[in-house]
Amino acid sequence: MGLHHRFGHRDLLRCRFALSPAWETQEAVRTLNRPDRQGYHLPWLRRIRAAADGLDLRPLWLLMPRRGHSTDFISPPPSGPGVTFEEELALIRAADPAAAREDMRKALACTPGALDSEAGRALLADPARSVQELADLIERAWSVLVEPHWPRLRALLEADVLFHTRRLAAGGLESLFDGLHPDLSWDAASLTLTIERPSHHERVLGGQGLVLMPSAFVWPQIAGGFDPPWQPTVVYPARGIGALWTPVREDTPAALARLLGRARADVLCALDEPSSTTALAHRLGLAPSTVSAHLGALHAAGLLISARHGHQVLYERTPLAIALASGDPTVSQGGGN
């Protein structure tokens, strides 16, 4: 049983990572209606609750069954690594009404009573209008639920991609797939990637390859599928979501602050995961130019390394910097010998 992705040899060369603001928006909407998903996101829920109360998300929730088919066209797999929400929204608005109607019908059929409900019938009665109304609602949800927090979310997702691309380089596809989620398994003999499910479904990739997409809001589940014509995609929980909404640490070691200066030491200690200048500035409440200057100085001192990911540069701490940020006294003692 499960969702089986059948690879050919061409597919092995066409696996890629991607990020999707529209997907995070959809899953943020789903999380509001799913208490079992909210454990890691309570600080976020407190921040957005008042604004979220002004949104009528019921049409979207109707298309998000707990099991079975969820509507694909409202969060299509991203076409590239640096896609913007505006580009994804334009694709949603351009959905073919007939295909969208069938997509919605399949989702409604997975929730008992939804297909024959007044709201369900309204969605199907005029699919062209429904596409535009759903796009409007997704745009409002983005602006309220996700956009104010996107720098922090994007930093988490980019750090996850950086981690897993290194894992891929070190151990190949088997190592990569085995580390994404407990419900995901790779059979090298048959070139099959399987997501455990109570039902059976197969998808032959047919040379399209597979999109791998980290998500902050999909936890604790893993999502996969996307029916044709969408590219096959697996969405898995990003690493580090337990610390996603925690405030920047206020216990920067005093000795480190005296050595580097308080602001520069705070920047170093905030790099628990690789981050961009913009994400750090948002998290620390500093101007990007200020953070950029601190990062440049720390990089020149050998405390940071940098790597380009898409259009952004991500910084992370060296082993020495990790020890300094932790306040490890053995650093100044040559390891304690």
# chains A, B, ... in the order shown; residues from 1 in each chain; ligands from 1
$ residues_around --residues "Gly242 (chain A)" --least-positions-apart "6" --cutoff "10 Å" --atoms "only C-alpha atoms" --output "number ranges by chain"
A: 39-41, 216
$ write_last_selection --atoms "C-alpha atoms" --output "PDB file, in the first residue's frame"
ATOM      1  CA  GLY A  39       1.952  22.365  18.197  1.00  0.00           C
ATOM      2  CA  TYR A  40       5.029  24.034  16.717  1.00  0.00           C
ATOM      3  CA  HIS A  41       3.120  27.090  15.500  1.00  0.00           C
ATOM      4  CA  ALA A 216       7.068  24.591   7.485  1.00  0.00           C
TER       5      ALA A 216
END
$ residues_around --residues "Ile48 (chain A)" --least-positions-apart "4" --cutoff "8 Å" --atoms "only C-alpha atoms" --output "ChimeraX atom specification"
/A:44,52,144-145
$ closest_residue --among "A:Ala50, A:Val146, A:Gly113, A:Asp178" --to "Pro65 (chain A)" --atoms "only C-alpha atoms"
A:Gly113
$ select_by_dssp --residues "region 65-129 of chain A" --states "alpha helix (DSSP H)" --output "MDAnalysis selection string"
chainID A and resid 85:93 97:108 118:125 127:129
$ atom_distance --atom1 "CA of Gly179 (chain A)" --atom2 "CA of Pro214 (chain A)"
12.3 Å
$ atom_distance --atom1 "CA of Gly8 (chain A)" --atom2 "CA of Ser79 (chain A)"
21.0 Å
$ closest_atom_pairs --of "region 183-230 of chain A" --to "region 153-166 of chain A" --cutoff "12 Å" --atoms "only C-alpha atoms" --output "JSON lines"
{"residue": "A:Val211", "atom": "CA", "partner": "A:Val161", "partner_atom": "CA", "distance": 11.9}
{"residue": "A:Leu212", "atom": "CA", "partner": "A:Val161", "partner_atom": "CA", "distance": 9.1}
{"residue": "A:Met213", "atom": "CA", "partner": "A:Val161", "partner_atom": "CA", "distance": 8.4}
{"residue": "A:Pro214", "atom": "CA", "partner": "A:Leu157", "partner_atom": "CA", "distance": 6.0}
{"residue": "A:Ser215", "atom": "CA", "partner": "A:Leu157", "partner_atom": "CA", "distance": 6.8}
{"residue": "A:Ala216", "atom": "CA", "partner": "A:Leu153", "partner_atom": "CA", "distance": 7.1}
{"residue": "A:Phe217", "atom": "CA", "partner": "A:Leu153", "partner_atom": "CA", "distance": 9.8}
$ residues_around --residues "His4 (chain A)" --least-positions-apart "3" --cutoff "6 Å" --atoms "only C-alpha atoms" --output "ChimeraX atom specification"
/A:193-194,202
$ write_last_selection --atoms "all heavy atoms" --output "PDB file, in the first residue's frame"
ATOM      1  N   LEU A 193      10.153   5.296  -5.210  1.00  0.00           N
ATOM      2  CA  LEU A 193      10.036   6.080  -3.984  1.00  0.00           C
ATOM      3  C   LEU A 193       8.594   5.960  -3.509  1.00  0.00           C
ATOM      4  O   LEU A 193       7.663   6.290  -4.237  1.00  0.00           O
ATOM      5  CB  LEU A 193      10.393   7.545  -4.249  1.00  0.00           C
ATOM      6  CG  LEU A 193      10.418   8.466  -3.029  1.00  0.00           C
ATOM      7  CD1 LEU A 193      11.583   8.119  -2.107  1.00  0.00           C
ATOM      8  CD2 LEU A 193      10.532   9.938  -3.483  1.00  0.00           C
ATOM      9  N   THR A 194       8.405   5.504  -2.265  1.00  0.00           N
ATOM     10  CA  THR A 194       7.064   5.212  -1.760  1.00  0.00           C
ATOM     11  C   THR A 194       6.749   6.047  -0.537  1.00  0.00           C
ATOM     12  O   THR A 194       7.558   6.156   0.385  1.00  0.00           O
ATOM     13  CB  THR A 194       6.935   3.717  -1.398  1.00  0.00           C
ATOM     14  OG1 THR A 194       7.151   2.936  -2.578  1.00  0.00           O
ATOM     15  CG2 THR A 194       5.553   3.422  -0.828  1.00  0.00           C
ATOM     16  N   GLU A 202      -0.068   4.570  -8.067  1.00  0.00           N
ATOM     17  CA  GLU A 202       1.231   4.589  -8.724  1.00  0.00           C
ATOM     18  C   GLU A 202       1.321   5.768  -9.671  1.00  0.00           C
ATOM     19  O   GLU A 202       0.339   6.130 -10.321  1.00  0.00           O
ATOM     20  CB  GLU A 202       1.480   3.288  -9.489  1.00  0.00           C
ATOM     21  CG  GLU A 202       1.620   2.076  -8.587  1.00  0.00           C
ATOM     22  CD  GLU A 202       2.259   0.893  -9.300  1.00  0.00           C
ATOM     23  OE1 GLU A 202       2.803   1.091 -10.415  1.00  0.00           O
ATOM     24  OE2 GLU A 202       2.235  -0.210  -8.745  1.00  0.00           O
TER      25      GLU A 202
END
$ closest_residue --among "A:Glu118, A:Glu86, A:Glu273, A:Asp227" --to "Leu244 (chain A)" --atoms "only C-alpha atoms"
A:Glu273
$ closest_residue --among "A:Pro274, A:Gly240, A:Pro21, A:Gly2" --to "Val83 (chain A)" --atoms "only C-alpha atoms"
A:Pro21
$ residues_around --residues "Thr278 (chain A)" --least-positions-apart "3" --cutoff "8 Å" --atoms "only C-alpha atoms" --output "number ranges by chain"
A: 151, 281-282, 288
$ write_last_selection --atoms "N, CA, C and O atoms" --output "PDB file, in the first residue's frame"
ATOM      1  N   PRO A 151      10.234  36.178   5.318  1.00  0.00           N
ATOM      2  CA  PRO A 151      11.699  36.098   5.458  1.00  0.00           C
ATOM      3  C   PRO A 151      12.145  35.014   6.423  1.00  0.00           C
ATOM      4  O   PRO A 151      13.101  34.276   6.144  1.00  0.00           O
ATOM      5  N   ALA A 281      18.114  40.111   9.201  1.00  0.00           N
ATOM      6  CA  ALA A 281      17.674  41.474   9.508  1.00  0.00           C
ATOM      7  C   ALA A 281      16.250  41.475  10.037  1.00  0.00           C
ATOM      8  O   ALA A 281      15.928  42.177  11.008  1.00  0.00           O
ATOM      9  N   HIS A 282      15.383  40.684   9.410  1.00  0.00           N
ATOM     10  CA  HIS A 282      13.994  40.586   9.859  1.00  0.00           C
ATOM     11  C   HIS A 282      13.929  40.004  11.260  1.00  0.00           C
ATOM     12  O   HIS A 282      13.179  40.489  12.120  1.00  0.00           O
ATOM     13  N   PRO A 288      18.989  45.793   6.931  1.00  0.00           N
ATOM     14  CA  PRO A 288      19.789  44.834   6.162  1.00  0.00           C
ATOM     15  C   PRO A 288      21.225  45.294   5.935  1.00  0.00           C
ATOM     16  O   PRO A 288      22.149  44.472   5.949  1.00  0.00           O
TER      17      PRO A 288
END
$ atom_distance --atom1 "CA of Thr71 (chain A)" --atom2 "CA of Ala107 (chain A)"
5.8 Å
